[in-house]
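K.L.:
This is the structure I have questions about; it appears just below.
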Amino acid sequence: MMKSYSLKELKFLIVLCFFTTTIGISQEKNIFKDLNQIIENSSKYDQKKIAEIDGIRNILKNTKKSDLLVRYDLNEKMFYQFKFFKRDSAFYYGIQSKNLALTINDKSLIANANMHLADICVSSGMYKEALDFLEPLKRNESNGNYGTLYYGVLGRCYSDMAEYSNIPYFQKEYIDLARKYREKALSLTKESDFFHFFLKAFNKSKDKRLKEAIVEFNLLLKGNYKAHDKALVHYVLGDIYEQLGKDDEAIIHFTDAVIFDIETATKESLAIIKLSELLFKKGDLKNASILIQKANEDAFFYGAQQRKIQVGAILPLIEQEILQIVEKEKQRIYWQYIIVSSFLVLAICFAVIIYFQYRKLNKAKKIIADAHQNLKSINKQLRNVNEKIKSRNVEIKQVNKQLLEANKIKEEYLGLFFTQYDAVFEKFNSFMGSIKKQIDDENYEKVKHTISSYNLKREKEKLLENFDTAFINLFPNFIDEFNSLMKEEHKIKLQKEQFLTKELRIYALIRLGITHNEIIAQILGYSINSIYAYKTKIRNNSIINKDDFDQKLLKNTTLKL
C-alpha cells in the first residue's frame with residue numbers, strides 16, 4: 001500500500017518541479033463553454049473531495065491510538081487527500097505521520113514522512129525548509145525504497161528555485177542540479193511505469209528537443225491513465241507548444257489540464273494561472289477574468305505563497321484593463337445618450353411642425369370648401385344674367401373642378417414632391433384668394449383673365465421637369481445605366497436640355513420605389529394599358545431576360561453620393 005501511494009506521490013511531485021510555462025488562449029468557443037461550466041460546478045467536485053476526506057477522518061477517529069501502523073497509514077492517506085487541496089492540512093497530517101513514524105522508530109517511515117513534508121514545503125514556496133527535511137536522508141540516497149521520490153522532490157525544489165532566482169550564477173547552478181536529480185529519478189523508475197515514459201519525454205523537452213517530446217507525450221495521451229496523469233501530460237504539452245509559439249495548440253492542452261485539475265479538486269495548479277495570463281495577452285478579458293478569479297480563490301484556499309504572487313502579478317492587470325473597457329463603454333453609452341436625446345428633441349420639433357402644417361392644411365381645405373359654397377350661392381344669384389355671364393359661371397365651375405383635381409394630384413404626389421409642396425400650396429392659395437376677391441368685387445372680367453392665365457398643364461410639366469431634374473441629380477448615370485441594358489438600336493439618346501422620355505420616367509419612378517402601375521399611371525397621366533405597353537416594349541428591347549429587367553436596372557442604377 002505504501003509503495004502504491006509513493007508512486008502516486010511521485011507522479012505529481014516531479015511534474016510540478018519543472019513547470020515554467022505561459023498559457024494560451026483557446027479559440028474554440030465550445031471548449032471555453034465547457035470549461036466555464038466546470039468552473040461553475042467546481043464546488044460539487046470540492047464536496048466530493050471533502051466527503052472522501054471525511055470518510056478517512058472518521059476511520060482515523062475510530063482507530064485505537066495503540067494501532068500505530070494503521071494510524072500512520074491513515075494519516076498518510078489524509079496527507080495525499082490534502083496535498084493538492086489544502087496546504088496547511090496536508091502539512092498537519094505530514095507532521096502527524098512523522099511523529100507516528102518516530103514513535104514506531106521505523107527509518108523508512110520517517111524518511112517517507114520527511115519527503116512528504118519537504119514536498120508540501122516546496123508547494124508552499126518554503127524551499128529552505130524543504131531542503132532541511134531532506135537533509136537527513138542524504139546518508140541513504142541509494143535506498144531504493146525512497147530514492148525516486150527523494151530525487152523527484154529535490155529536482156522540483158531546485159527547479160522552482162531556479163525559476164524565482166534573479167541572479168544568473170545561482171540560477172545556472174539550480175538548473176544544473178534540477179537536471180541532475182531528474183536524470184537520477186528517471187534511472188530509479190520502473191520502465192513499465194507511466195512516470196518512466198513521462199520523465200524521458202519531459203527531460204527531452206528540457207533539453208530543447210521539443211518535437212521529440214511532443215511525439216512521446218502524445219503517445220502517453222493514448223494510454224488509459226488517471227485524471228492526474230492526463231492533466232500532467234496536457235500541461236507539459238501546453239508548455240511545449242507555447243514555447244514553440246503555437247498558442248492555439250497550447251491552449252487546447254492547457255484547458256484540458258485545467259478541467260482535469262478542477263474535476264480532481266486540485267487547488268495547487270499552475271495551469272489556470274497561466275491560461276488566464278495568455279488569454280489576457282490575446283485580449284480575451286472575459287475568460288481571463290473568470291479564470292484568474294478562480295485561480296485567486298484556489299491560491300488562497302490552498303495557501304501557496306508563490307501561487308498568490310503569480311495571481312497577484314496578472315490579476316491587477318486584468319482588472320485594470322476591464323476597468324478601462326468599462327470606462328470606455330460608459331463614455332460610449334454617454335455619447336449615445338446625448339445623440340439619441342438630440343435626435344429625440346429634433347423628432348419632437350418635426351412632429352410639432354408637422355402638426356401645425358396639418359392644421360394649416362385643414363384650414364386651407366375649409367377655406368376652399370367655403371369658397372365652393374360661396375360659388376354655388378353666386379351661381380344661384382346669377383341665373384338671370386346673360387349668356388356671357390353664364391359662360392363665365394361654367395368656366396368657374398370648370399376651374400373649380402380643375403382645382404379639385406389639382407388638389408387630389410397634390411395629395412398623391414405629396415410623398416415624392418414634398419420639397420415643392422409649400423410653393424404649390426402658396427400659389428394655389430393666392431390664386432383662390434384672388435378669385436374670391438374678384439368675385440366679391442364682381443369683377444368678372446378680371447376673374448376670367450385670372451382663370452385663363454392659369455395653365456395647369458404647364459404646371460404639371462414643370463413638376464415632371466422638376467422631377468426629371470431632381471431624379472437626374474440623384475441618379476446622374478441613370479440614362480447610361482439604362483442604355484447599358486438595351487440593344488444598340490433601341491438605346492435612348494437625349495438632346496441637350498432635353499428632359500426624360502416617357503419610358504425613362506416610368507423606370508425612374510420604379511427606381512424610386514413606385515412599382516404599382518396604377519400609381520405610375522396616375523403620376524404621369526397615362527393609362528394603365530399605356531404603362532404596360534411602354535414597360536413591355538422596353539423589356540422586349542433589352543439585352544437581358546425581360547423578367548429580370550426591372551431587378552437588373554434597380555441593381556445597376558447608382559445613387560449620387
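Each chain in the C-alpha cells gets a letter, A, B and so on, in the order shown; residues start at 1 in every chain, and ligands are counted from 1 in the order they appear.
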What lies within 10 Å of His228 of chain A using only C-alpha atoms, ignoring chain neighbours under 2 positions off, as a list in words?
P.N.:
Lys8, Lys11, Phe12, Tyr225, Lys226, Lys230, Ala231, Leu232, Val233, His234, Ala257, Phe260, Asp261, Glu263, Thr264 and Thr266 of chain A
K.L.:
Hey, what's within 9 Å of segment 117-122 of chain A if we count only C-alpha atoms and toss same-chain stuff fewer than 5 positions away? As JSON, numbers by chain, please?
P.N.:
{"A": [13, 17, 83, 84, 87, 88, 90, 91, 94, 95, 98, 112, 127, 128, 129, 130, 131, 132, 133, 134, 153, 154, 156, 157, 160]}
K.L.:
Need the shell around Leu553 of chain A: protein/DNA/RNA residues with any atom at most 10 Å away, counting only C-alpha atoms. Skip same-chain ones fewer than 4 positions apart. Format as JSON, numbers by chain?
P.N.:
{"A": [478, 481, 482, 483, 484, 485, 507, 510, 511, 548, 549, 557, 558]}
K.L.:
Mind the document's chain letters and residue numbers, and return as a PyMOL selection string the residues of segment 129-378 of chain A that DSSP labels helix (DSSP H, G or I).
P.N.:
chain A and resi 129-140+147-164+168-187+194-206+210-221+227-243+247-263+271-281+285-302+305-378
K.L.:
Rounded to one decimal in Å, what is the spacing between atom CA of Lys388 of chain A and atom CA of Asn374 of chain A?
P.N.:
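Computed distance, atom CA of Lys388 of chain A to atom CA of Asn374 of chain A, equals 20.0 Å.
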K.L.:
Enter the distance from atom CA of Gly433 of chain A to atom CA of Gln357 of chain A, in Å, rounded to one decimal.
P.N.:
19.1 Å
K.L.:
For Ile472 of chain A, find every residue with an atom within 10 Å (counting only C-alpha atoms), except residues of its own chain fewer than 3 positions away, and show them as number ranges by chain.
P.N.:
A: 466-469, 475-479, 499-500, 508, 559-560
K.L.:
Could you write those residues out with C-alpha atoms, as a PDB file, in the first residue's frame?
P.N.:
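Writing done, so here's part17.pdb:
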```
ATOM      1  CA  ASN A 466     -38.548  69.221 -61.706  1.00  0.00           C
ATOM      2  CA  PHE A 467     -38.951  65.517 -61.138  1.00  0.00           C
ATOM      3  CA  ASP A 468     -36.623  64.862 -64.099  1.00  0.00           C
ATOM      4  CA  THR A 469     -34.072  67.367 -62.831  1.00  0.00           C
ATOM      5  CA  PHE A 475     -29.028  59.381 -60.442  1.00  0.00           C
ATOM      6  CA  PRO A 476     -26.649  61.214 -62.847  1.00  0.00           C
ATOM      7  CA  ASN A 477     -25.695  57.967 -64.613  1.00  0.00           C
ATOM      8  CA  PHE A 478     -29.250  56.642 -64.916  1.00  0.00           C
ATOM      9  CA  ILE A 479     -29.557  57.106 -68.692  1.00  0.00           C
ATOM     10  CA  PHE A 499     -35.852  66.013 -70.278  1.00  0.00           C
ATOM     11  CA  LEU A 500     -36.624  62.368 -69.626  1.00  0.00           C
ATOM     12  CA  ALA A 508     -37.321  56.475 -62.913  1.00  0.00           C
ATOM     13  CA  LEU A 559     -27.236  56.930 -56.497  1.00  0.00           C
ATOM     14  CA  LYS A 560     -25.182  60.107 -56.441  1.00  0.00           C
TER      15      LYS A 560
END
```
K.L.:
Counting only C-alpha atoms, what is within 9 Å of Lys77 of chain A, bar same-chain residues fewer than 2 positions away, as a PyMOL selection string?
P.N.:
chain A and resi 5+53+56+72-75+79-82+93
K.L.:
Please produce a file of those selected residues containing C-alpha atoms, as a PDB file, in the first residue's frame.
P.N.:
```pdb
ATOM      1  CA  TYR A   5       0.887   5.741  -2.638  1.00  0.00           C
ATOM      2  CA  ILE A  53     -11.656  13.190   3.400  1.00  0.00           C
ATOM      3  CA  ILE A  56     -10.958   8.672   6.102  1.00  0.00           C
ATOM      4  CA  TYR A  72       0.311   6.082  10.227  1.00  0.00           C
ATOM      5  CA  ASP A  73      -1.264   4.692   7.077  1.00  0.00           C
ATOM      6  CA  LEU A  74      -4.483   6.689   7.626  1.00  0.00           C
ATOM      7  CA  ASN A  75      -2.537   9.907   8.289  1.00  0.00           C
ATOM      8  CA  PHE A  79      -1.828  13.792   3.533  1.00  0.00           C
ATOM      9  CA  TYR A  80      -2.436  12.627  -0.043  1.00  0.00           C
ATOM     10  CA  GLN A  81      -6.042  13.844   0.085  1.00  0.00           C
ATOM     11  CA  PHE A  82      -4.933  17.327   1.184  1.00  0.00           C
ATOM     12  CA  TYR A  93      -1.050  15.246   8.594  1.00  0.00           C
TER      13      TYR A  93
END
```
K.L.:
Pick out the closest residue to Thr103 of chain A from this set: A:Ala299, A:Met432, A:Ile519, A:Leu69. Count only C-alpha atoms.
P.N.:
A:Leu69
K.L.:
What's around Ala178 of chain A at 6 Å? Count only C-alpha atoms, leave out sequence neighbours fewer than 5 positions away in its own chain, and write the answer as a PDB file with N, CA, C and O atoms, in the first residue's frame.
P.N.:
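Output contents, as saved in out_5.pdb:
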```
ATOM      1  N   GLY A 155      14.582  17.563  -7.322  1.00  0.00           N
ATOM      2  CA  GLY A 155      14.500  18.168  -8.650  1.00  0.00           C
ATOM      3  C   GLY A 155      13.469  19.261  -8.707  1.00  0.00           C
ATOM      4  O   GLY A 155      13.694  20.331  -9.280  1.00  0.00           O
ATOM      5  N   TYR A 158      14.800  22.461  -6.695  1.00  0.00           N
ATOM      6  CA  TYR A 158      15.815  23.268  -7.371  1.00  0.00           C
ATOM      7  C   TYR A 158      15.266  23.901  -8.657  1.00  0.00           C
ATOM      8  O   TYR A 158      15.685  24.996  -9.042  1.00  0.00           O
ATOM      9  N   SER A 159      14.352  23.235  -9.296  1.00  0.00           N
ATOM     10  CA  SER A 159      13.736  23.832 -10.494  1.00  0.00           C
ATOM     11  C   SER A 159      12.932  25.077 -10.132  1.00  0.00           C
ATOM     12  O   SER A 159      13.016  26.106 -10.811  1.00  0.00           O
TER      13      SER A 159
END
```
